[in-house]
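*Asks:* Got a structure for you, written out below as structure tokens; questions coming shortly.
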Amino acid sequence: MYEFKYQRPGTVRQAANILAKDEDAKILAGGHSLLPTMKLRLAKPSQIIDLGRVEGLNTIELKGRSVVIGAMARHVDVANSPVVKEAFPALADLAGVIGDPAVRHRGTIGGSLANNDPNADYPAAVLGLGATIITNKRRIAADDYFKGMFDTALEPGEIIIKVQFPIAKKAAYEKFKHPASGFALVGVFVSKRGSDIRVAVTGAGSNGVFRVTSFEEALKKRFSPKSIEGMTIPADGMNADIHGSAEYRAHLVGVMARRALARA
Amino acid sequence: MPAVSLTVNGKPVTADVDPRTLLVQFLREHLRLTGTHVGCDTSQCGACVIHLDGVAVKSCTTLVMQADGGNVLTIEGLAAADGPLHPMQEAFRENHGLQCGFCTPGMVMTAVDMVRRKGNDLDERTIREELDGNLCRCTGYHNIVKAIAAGAKAMKA
């Protein structure tokens with residue numbers, strides 16, 4: 001790791017002040033994406049602003065027809081939360097298949113979303129449910145938030161405070177897991193909330209999480225795996241690496257979408 | 001250099017550290033508690049698993065500053081040095097749940113955490129799923145799984 005100055009503010013405002021004055025400062029949430037990147041010397045933050053001691057960032061609550069999750073809620077907290085399990089089992093399921101048990105004890109939803117790893121799980125849920133990212137400055141709709149691989153709509157000095165998920169009547173997440181890393185080779189989140197149908201894919205796209213509008217259209221008639229039977233998406237724009245070709249990933253999108261629909 | 005204070009295996013520890021210090025480095029290099037191993041150094045292999053505030057954590061992916069004020073348990077703290085082994089350690093010995101032994105400290109710490117979360121009656125499938133974050137390069141999983149099932153039962157007694 002390169003040298004950095006360690007900061008541990010007590011409030012979001014203090015954290016935002018440090019961040020606003022230093023564009024090379026980085027927020028540390030659970031550290032399970034940032035620290036590995038720093039160990040590889042792929043990131044060289046001047047300051048690390050640890051949110052670990054900021055109070056009130058890890059709450060999980062039911063608010064009207066939404067579940068609101070604090071940015072510092074760990075994956076294990078979301079997976080085991082009675083509120084999430086009751087209102088939104090698909091979201092608890094997703095949190096419960098991120099990484100491995102020790103990773104889930106540290107990793108946070110805010111960290112995952114701010115990092116926007118193209119293979120991360122949470123972006124699929126956020127886009128696949130039309131959630132809202134609430135920062136210290138504003139509310140950002142999921143459709144406006146993800147800007148491509150490791151890129152988001154977050155501006156300098158902006159910190160995710162919580163994420164608001166509207167409760168969907170039907171929702172499910174299916175993931176084809178990379179056997180070593182646990183990341184999604186392809187993960188598909190499907191949801192139906194009134195007439196709003198969403199199919200969001202993580203892991204597959206070379207530009208990060210995306211929606212499959214052709215599947216969404218086909219599902220308007222009936223929200224069932226049969227509605228998209230035999231449908232595929234083009235391999236253009238899919239990731240290709242030693243773990244799977246673009247064609248393989250495109251094929252998996254259909255398979256995972258049908259499995260998710262069968263469970264939803 | 002910032003100061004860090006934490007409890008390790010029941011003993012209070014205070015030190016001035018470079019903020020880059022990982023928890024595992026602090027344990028091994030500052031405290032000389034070398035039972036916690038570094039295998040992959042990329043949060044995948046689980047040789048570095050310790051308990052931080054009661055839950056299993058990969059200490060190669062945690063800054064010691066993040067553990068400031070916390071309570072750490074390592075493999076050395078699982079049983080008293082002059083007493084009998086912890087039931088999980090004893091089960092690994094009894095079932096020959098190790099070959100080279102490099103992954104063992106992480107396996108044992110993960111196993112104890114597994115019992116905390118999943119109870120004392122663990123079936124093979126649960127154990128194998130829960131071992132997702134611990135790799136044995138000798139591929140000695142068969143006896144590790146047996147050892148964990150036996151150790152979990154013994155911890156009930």
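In the structure tokens, each chain is lettered A, B, ... as it comes, each chain's residues begin at 1, and ligands are numbered from 1 in order of appearance.
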Quick one: residues within 12 Å of stretch 113-130 of chain B, only C-alpha atoms, excluding same-chain residues fewer than 2 positions away - as a ChimeraX atom specification?
*Replies:* /A:76,80,96-97,99-105,179,182 /B:46,49-57,73-74,78,87-88,106-111,132-135,141-157
*Asks:* Please list as a list in words every residue within 10 Å of A:Glu23, counting only C-alpha atoms and excluding residues in the same chain fewer than 3 positions away.
*Replies:*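 Close residues of A:Glu23: Ile18, Leu19, Ala20, Lys26, Pro45, Ser46, Gln47, Pro156 and Gly157 of chain A.
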*Asks:* If you run DSSP over the backbone, which residues in chain B end up strand (DSSP E)? Put them as a ChimeraX atom specification.
*Replies:* /B:3-8,11-16,49-52,55-58,71-73
*Asks:* Would you kindly return, as a list in words, each protein, DNA or RNA residue with an atom no farther than 6 Å from any atom of stretch 55-59 of chain A, considering only C-alpha atoms and excluding same-chain residues fewer than 5 positions away?
*Replies:*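 What passes the distance filter is Gly70, Ala71, Met72 and Ala73 of chain A.
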*Asks:* Neighbours of A:Gly130 within 7 Å (only C-alpha atoms; same-chain residues fewer than 2 positions away dropped), as JSON, numbers by chain?
*Replies:* {"A": [126, 127, 128, 132, 141, 142, 143]}
*Asks:* Which of these residues is nearest to B:Asp41, using only C-alpha atoms: B:Met65, B:Val17, B:Val4, B:Leu22?
*Replies:*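 Counting only C-alpha atoms, the residue closest to B:Asp41 is B:Leu22.
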